[in-house]
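Here is entry.cif, consisting of mmCIF, C-alpha atoms and all ligand atoms:
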```cif
data_structure
loop_
_atom_site.label_atom_id
_atom_site.label_comp_id
_atom_site.auth_asym_id
_atom_site.auth_seq_id
_atom_site.Cartn_x
_atom_site.Cartn_y
_atom_site.Cartn_z
CA MET A 1 61.69 -49.15 64.79
CA ILE A 2 64.99 -47.35 64.28
CA HIS A 3 68.00 -48.50 66.31
CA PHE A 4 71.06 -46.30 66.76
CA VAL A 5 73.75 -48.89 67.38
CA GLY A 6 77.29 -48.47 68.64
CA ALA A 7 79.57 -50.49 66.37
CA GLY A 8 82.49 -50.53 68.80
CA PRO A 9 85.97 -49.27 68.00
CA GLY A 10 86.87 -51.61 65.14
CA ASP A 11 87.33 -55.25 66.16
CA ILE A 12 84.15 -56.89 64.86
CA GLU A 13 83.79 -58.91 68.05
CA LEU A 14 83.46 -55.70 70.05
CA ILE A 15 79.93 -54.86 68.94
CA THR A 16 77.37 -55.84 71.60
CA VAL A 17 75.37 -59.06 71.25
CA LYS A 18 72.26 -56.89 70.92
CA GLY A 19 73.85 -54.67 68.28
CA GLN A 20 74.89 -57.67 66.20
CA ARG A 21 71.44 -59.25 66.47
CA LEU A 22 69.80 -56.02 65.30
CA LEU A 23 72.24 -55.78 62.39
CA SER A 24 71.44 -59.36 61.34
CA GLU A 25 67.70 -58.60 61.39
CA ALA A 26 67.78 -55.15 59.74
CA ASP A 27 66.08 -54.33 56.43
CA LEU A 28 67.95 -51.04 56.13
CA VAL A 29 71.41 -50.23 57.53
CA ILE A 30 72.93 -46.77 57.38
CA TYR A 31 76.51 -46.90 58.60
CA ALA A 32 79.18 -44.27 59.14
CA GLY A 33 81.55 -45.61 56.48
CA SER A 34 84.48 -43.39 57.34
CA LEU A 35 85.06 -45.20 60.66
CA VAL A 36 82.86 -48.28 61.01
CA ASN A 37 84.54 -51.59 60.14
CA PRO A 38 82.63 -52.83 57.03
CA GLU A 39 83.32 -56.45 58.10
CA LEU A 40 80.53 -55.94 60.64
CA LEU A 41 78.03 -55.84 57.78
CA LYS A 42 78.69 -59.49 56.90
CA VAL A 43 75.95 -60.54 59.31
CA CYS A 44 73.33 -58.49 57.41
CA LYS A 45 70.56 -60.22 55.46
CA GLU A 46 71.30 -60.63 51.75
CA GLU A 47 68.33 -58.48 50.83
CA ALA A 48 69.13 -55.71 53.34
CA VAL A 49 69.72 -52.27 51.84
CA ILE A 50 73.04 -50.89 53.09
CA LEU A 51 73.92 -47.21 52.77
CA ASP A 52 77.15 -45.45 53.68
CA SER A 53 76.36 -42.12 55.35
CA ALA A 54 79.85 -40.70 54.66
CA SER A 55 78.62 -38.85 51.59
CA MET A 56 75.08 -38.12 52.84
CA THR A 57 73.66 -35.04 54.57
CA LEU A 58 71.64 -35.19 57.78
CA GLU A 59 68.46 -34.59 55.78
CA GLU A 60 69.23 -37.43 53.37
CA VAL A 61 69.91 -39.82 56.25
CA ILE A 62 66.61 -38.89 57.90
CA GLU A 63 64.70 -39.17 54.63
CA GLU A 64 65.96 -42.75 54.16
CA MET A 65 65.18 -43.67 57.77
CA VAL A 66 61.69 -42.19 57.69
CA ARG A 67 60.89 -43.87 54.37
CA GLY A 68 61.92 -47.25 55.81
CA TRP A 69 60.13 -46.61 59.09
CA LYS A 70 56.86 -45.82 57.27
CA LYS A 71 57.15 -49.17 55.49
CA GLY A 72 57.53 -50.90 58.86
CA GLN A 73 61.14 -51.83 58.22
CA LYS A 74 63.73 -52.60 60.87
CA ILE A 75 66.44 -49.95 60.58
CA VAL A 76 69.93 -49.80 62.06
CA ARG A 77 71.90 -46.57 62.12
CA LEU A 78 75.41 -47.82 62.84
CA HIS A 79 77.81 -45.41 64.53
CA THR A 80 81.43 -45.99 65.42
CA GLY A 81 82.37 -46.60 69.06
CA ASP A 82 79.57 -45.44 71.31
CA PRO A 83 76.98 -43.23 69.61
CA SER A 84 76.91 -40.73 72.49
CA ILE A 85 80.49 -39.55 71.88
CA TYR A 86 80.82 -37.24 68.85
CA GLY A 87 78.14 -39.31 67.16
CA ALA A 88 75.93 -36.44 65.97
CA ILE A 89 72.90 -38.49 67.05
CA ARG A 90 71.02 -35.73 68.88
CA GLU A 91 70.22 -33.89 65.65
CA GLN A 92 69.01 -37.13 64.08
CA MET A 93 66.79 -37.96 67.05
CA ASP A 94 65.33 -34.46 67.13
CA LEU A 95 64.41 -34.66 63.43
CA LEU A 96 62.95 -38.15 63.89
CA ASP A 97 60.80 -36.71 66.70
CA THR A 98 59.23 -34.30 64.23
CA TYR A 99 57.97 -37.36 62.31
CA GLY A 100 56.96 -39.18 65.48
CA ALA A 101 59.31 -42.02 64.54
CA ASP A 102 60.28 -44.59 67.20
CA TYR A 103 63.95 -45.09 67.97
CA GLU A 104 66.25 -46.49 70.62
CA VAL A 105 69.98 -46.25 71.30
CA VAL A 106 72.14 -49.33 71.80
CA PRO A 107 75.48 -48.42 73.39
CA GLY A 108 78.86 -49.51 72.11
CA VAL A 109 82.46 -49.77 73.24
CA SER A 110 83.96 -46.35 72.67
CA SER A 111 87.38 -46.01 71.09
CA PHE A 112 88.73 -44.48 74.31
CA CYS A 113 88.13 -47.85 75.96
CA GLY A 114 89.68 -49.59 72.96
CA ALA A 115 92.72 -47.32 73.34
CA ALA A 116 93.11 -48.25 77.02
CA SER A 117 93.05 -51.92 76.07
CA ALA A 118 95.64 -51.33 73.34
CA LEU A 119 97.82 -49.55 75.89
CA LYS A 120 97.09 -52.15 78.59
CA ALA A 121 96.55 -49.11 80.78
CA GLU A 122 94.24 -48.01 83.59
CA TYR A 123 93.05 -44.41 83.21
CA THR A 124 92.15 -44.00 86.90
CA LEU A 125 95.14 -44.81 89.06
CA PRO A 126 95.03 -44.13 92.82
CA ASN A 127 96.91 -40.94 93.68
CA VAL A 128 97.66 -40.24 90.00
CA SER A 129 94.29 -39.38 88.49
CA GLN A 130 90.72 -40.30 89.37
CA THR A 131 89.25 -38.40 86.44
CA VAL A 132 89.16 -38.98 82.69
CA ILE A 133 88.56 -35.99 80.46
CA LEU A 134 87.23 -36.84 77.00
CA THR A 135 87.64 -33.88 74.72
CA ARG A 136 88.92 -32.54 71.42
CA ALA A 137 90.91 -29.56 70.21
CA GLY A 138 88.89 -26.80 68.59
CA GLY A 139 89.44 -26.74 64.84
CA ARG A 140 86.80 -26.41 62.13
CA THR A 141 84.35 -27.49 64.81
CA PRO A 142 84.79 -24.97 67.62
CA VAL A 143 84.73 -25.95 71.31
CA PRO A 144 83.20 -23.68 73.96
CA GLU A 145 85.75 -21.24 75.39
CA LYS A 146 85.44 -22.68 78.90
CA GLU A 147 86.54 -26.05 77.53
CA GLU A 148 89.78 -24.93 75.92
CA LEU A 149 92.40 -27.64 76.21
CA SER A 150 94.61 -25.40 78.35
CA LEU A 151 91.84 -25.00 80.93
CA LEU A 152 91.06 -28.71 81.01
CA ALA A 153 94.77 -29.47 81.21
CA SER A 154 95.07 -27.42 84.40
CA HIS A 155 93.52 -30.37 86.30
CA GLY A 156 96.44 -32.63 85.42
CA ALA A 157 93.90 -35.44 84.98
CA THR A 158 93.96 -38.22 82.40
CA MET A 159 92.99 -36.76 79.04
CA VAL A 160 91.78 -38.57 75.95
CA ILE A 161 91.74 -36.26 72.96
CA PHE A 162 89.53 -37.19 70.02
CA LEU A 163 89.48 -35.77 66.49
CA SER A 164 92.69 -33.82 66.94
CA ILE A 165 95.45 -35.75 65.25
CA SER A 166 95.87 -32.99 62.65
CA LEU A 167 96.12 -30.33 65.38
CA ALA A 168 99.16 -31.67 67.23
CA ASP A 169 101.00 -28.35 67.54
CA LYS A 170 97.95 -26.73 69.05
CA VAL A 171 97.37 -29.67 71.40
CA LYS A 172 100.96 -29.55 72.62
CA GLU A 173 100.93 -25.78 73.08
CA GLU A 174 97.64 -25.75 75.00
CA LEU A 175 98.56 -28.66 77.24
CA LEU A 176 101.82 -26.94 78.14
CA LYS A 177 99.97 -23.69 78.77
CA GLY A 178 97.64 -25.61 81.08
CA GLY A 179 100.51 -26.85 83.20
CA TYR A 180 101.57 -30.23 81.85
CA ALA A 181 105.35 -30.61 81.81
CA LEU A 182 107.31 -31.19 78.59
CA ASP A 183 108.11 -34.72 79.77
CA THR A 184 104.49 -35.70 80.54
CA PRO A 185 103.90 -39.14 79.05
CA VAL A 186 101.68 -39.24 75.96
CA ALA A 187 100.53 -42.00 73.65
CA ILE A 188 98.89 -42.08 70.27
CA VAL A 189 96.65 -45.01 69.52
CA TYR A 190 95.93 -45.50 65.83
CA LYS A 191 92.96 -47.70 64.88
CA ALA A 192 92.56 -49.17 68.35
CA THR A 193 91.37 -52.82 68.20
CA TRP A 194 91.59 -52.99 64.37
CA PRO A 195 94.05 -55.53 62.90
CA GLU A 196 96.27 -52.58 61.87
CA GLU A 197 96.27 -51.05 65.38
CA LYS A 198 99.43 -49.13 66.32
CA VAL A 199 100.52 -47.66 69.64
CA TYR A 200 103.14 -44.95 69.85
CA ARG A 201 104.45 -43.76 73.23
CA GLY A 202 106.49 -40.69 73.99
CA ILE A 203 106.49 -37.38 75.82
CA LEU A 204 104.43 -34.26 75.25
CA GLU A 205 107.40 -32.33 73.89
CA LYS A 206 107.65 -34.78 70.97
CA LEU A 207 103.93 -35.18 70.20
CA PRO A 208 103.91 -33.33 66.84
CA GLN A 209 107.06 -35.16 65.68
CA MET A 210 105.55 -38.54 66.63
CA ILE A 211 102.48 -37.82 64.53
CA GLU A 212 104.50 -36.56 61.58
CA GLU A 213 107.00 -39.39 61.68
CA HIS A 214 104.27 -42.04 61.54
CA HIS A 215 102.17 -40.14 58.97
CA LEU A 216 99.08 -40.22 61.13
CA THR A 217 96.17 -38.26 59.71
CA LYS A 218 93.04 -39.88 61.12
CA THR A 219 91.41 -42.57 63.31
CA ALA A 220 93.73 -41.93 66.20
CA LEU A 221 93.43 -40.81 69.79
CA ILE A 222 95.94 -38.80 71.77
CA VAL A 223 96.10 -39.80 75.42
CA VAL A 224 97.98 -37.78 77.98
CA GLY A 225 98.80 -38.10 81.63
CA GLU A 226 100.87 -39.62 84.37
CA PHE A 227 98.72 -42.77 84.23
CA LEU A 228 101.10 -43.75 81.42
CA GLY A 229 104.02 -43.51 83.83
CA ASP A 230 105.31 -45.93 86.47
CA ARG A 231 104.18 -44.28 89.68
CA TYR A 232 100.89 -45.08 91.44
CA GLU A 233 99.52 -46.37 94.73
CA ARG A 234 97.82 -49.66 95.40
CA SER A 235 94.03 -49.60 95.49
CA LYS A 236 92.23 -49.60 98.83
CA LEU A 237 89.77 -52.18 97.52
CA TYR A 238 92.31 -55.01 97.49
CA ASP A 239 94.46 -53.73 100.35
CA PRO A 240 94.61 -56.38 103.14
CA THR A 241 94.47 -53.64 105.82
CA PHE A 242 91.32 -52.03 104.43
CA THR A 243 87.85 -53.13 105.57
CA HIS A 244 84.85 -52.77 103.26
CA LEU A 245 81.39 -54.20 102.78
CA PHE A 246 82.61 -57.56 101.48
CA ARG A 247 85.84 -58.08 103.39
CA GLU A 248 87.27 -57.56 106.90
CA ALA A 249 90.81 -56.22 107.13
CA SER A 250 93.32 -58.84 108.24
CA LYS A 251 95.06 -57.69 111.41
N1 LIG A 301 81.75 -42.36 68.77
C1 LIG A 301 83.16 -42.62 68.59
C2 LIG A 301 83.96 -41.36 68.31
C3 LIG A 301 83.63 -40.73 66.98
S1 LIG A 301 84.57 -39.33 66.64
C4 LIG A 301 83.68 -43.37 69.80
O1 LIG A 301 82.96 -43.57 70.79
O2 LIG A 301 84.83 -43.80 69.77
C5 LIG A 301 85.84 -39.96 65.61
C6 LIG A 301 87.17 -39.94 66.32
O3 LIG A 301 87.21 -40.98 67.27
C7 LIG A 301 88.39 -40.16 65.44
O4 LIG A 301 88.83 -38.95 64.86
C8 LIG A 301 89.40 -40.67 66.42
O5 LIG A 301 89.94 -39.62 67.20
C9 LIG A 301 88.52 -41.49 67.35
N2 LIG A 301 88.46 -42.92 66.97
C10 LIG A 301 87.40 -43.61 66.55
N3 LIG A 301 87.70 -44.91 66.40
C11 LIG A 301 89.00 -45.04 66.76
C12 LIG A 301 89.90 -46.14 66.89
N4 LIG A 301 89.52 -47.39 66.61
N5 LIG A 301 91.15 -45.88 67.33
C13 LIG A 301 91.56 -44.65 67.65
N6 LIG A 301 90.75 -43.57 67.56
C14 LIG A 301 89.49 -43.76 67.14
#
```

How does this structure look as structure tokens?
Amino acid sequence: MIHFVGAGPGDIELITVKGQRLLSEADLVIYAGSLVNPELLKVCKEEAVILDSASMTLEEVIEEMVRGWKKGQKIVRLHTGDPSIYGAIREQMDLLDTYGADYEVVPGVSSFCGAASALKAEYTLPNVSQTVILTRAGGRTPVPEKEELSLLASHGATMVIFLSISLADKVKEELLKGGYALDTPVAIVYKATWPEEKVYRGILEKLPQMIEEHHLTKTALIVVGEFLGDRYERSKLYDPTFTHLFREASK
């Protein structure tokens, strides 16, 4: 069996119990070395074969997996965060299907959740935003035209922008074009939940300077929106005057 496992955002205690058990039982582990915390591999068996996929092609990864699978080995493909977000797992699963190989996906804590914890923030504040847009700026990997940052920005919702730390000028320009004001609060979260985590807060106008000043080149998220500000309304759920399934309003 092949298990695609979400490693979580960095902190080694943020892998799921299931993910850690599978790692400790695996005969073969292929991990995304550019982002996965290698400390997670300490639970692996001494005799486990551990490969870093950073320098491998899709075909090489599949070849290793299929070879192990044919031998009846337990295989873990370890992806950073949650595998469903920019994990490039679909192409792996489709190729595994051509061999009839069995696989499952074990979710993980995505870095956008790790970033919220680093910020001690809530992405969905009443009367501020009830929507979180997870996206990226188009660079070497293009994004569909309908998903240009400027179009997504027109909603004024909470935005979490992956893979775009080297495209700060473009991000700023498109967000402004989409209607965000120059003083919209932004934050950059570098290595959320890792020991070296850093949080930088500012306004959209200064986004490129913030990135330059702190020499940020990778493993960072840009988050944008009024949820980072001070204004919001109380939730209905805990409002004494609001009745719901589990509680009568007090008069
Ligand atoms: N599947 C991953 C995302 C992989 S794409 C997830 O669910 O988080 C890689 C991008 O994710 C990086 O360029 C960066 O933008 C972001 N990222 C991953 N781990 C991060 C972390 N610990 N802190 C901040 N950003 C992170």

>> What does the list of residues within 10 Å of ligand LIG 301 (chain A) look like if you count only C-alpha atoms and all ligand atoms, written as a ChimeraX atom specification?
In response: /A:6-11,32,34-37,79-89,107-115,118,135-136,160-166,188-194,196-199,217-222

> So, counting only C-alpha atoms, which residue among A:Val5, A:Tyr232, A:Pro195, A:Phe242 is closest to Val17 of chain A?
Replying inline: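 Residue with the minimum atom-to-atom distance to Val17 of chain A: A:Val5.
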
> atom CA of Ala116 of chain A and atom CA of Gly179 of chain A, how far apart in Å?
Replying inline: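 Straight-line distance from atom CA of Gly179 of chain A to atom CA of Ala116 of chain A works out to 23.5 Å.
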
> Quick one: residues within 12 Å of Gly100 of chain A, all atoms listed in the file counted, chain neighbours fewer than 3 positions away excluded, as a PyMOL selection string?
Replying inline: chain A and resi 1-2+66+69-70+93-97+103

>> So, with all atoms listed in the file as the atoms that count, which of A:Glu91, A:Glu205, A:Glu122, A:Glu212 lies closest to Glu174 of chain A?
In response: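 Nearest to Glu174 of chain A: A:Glu205.
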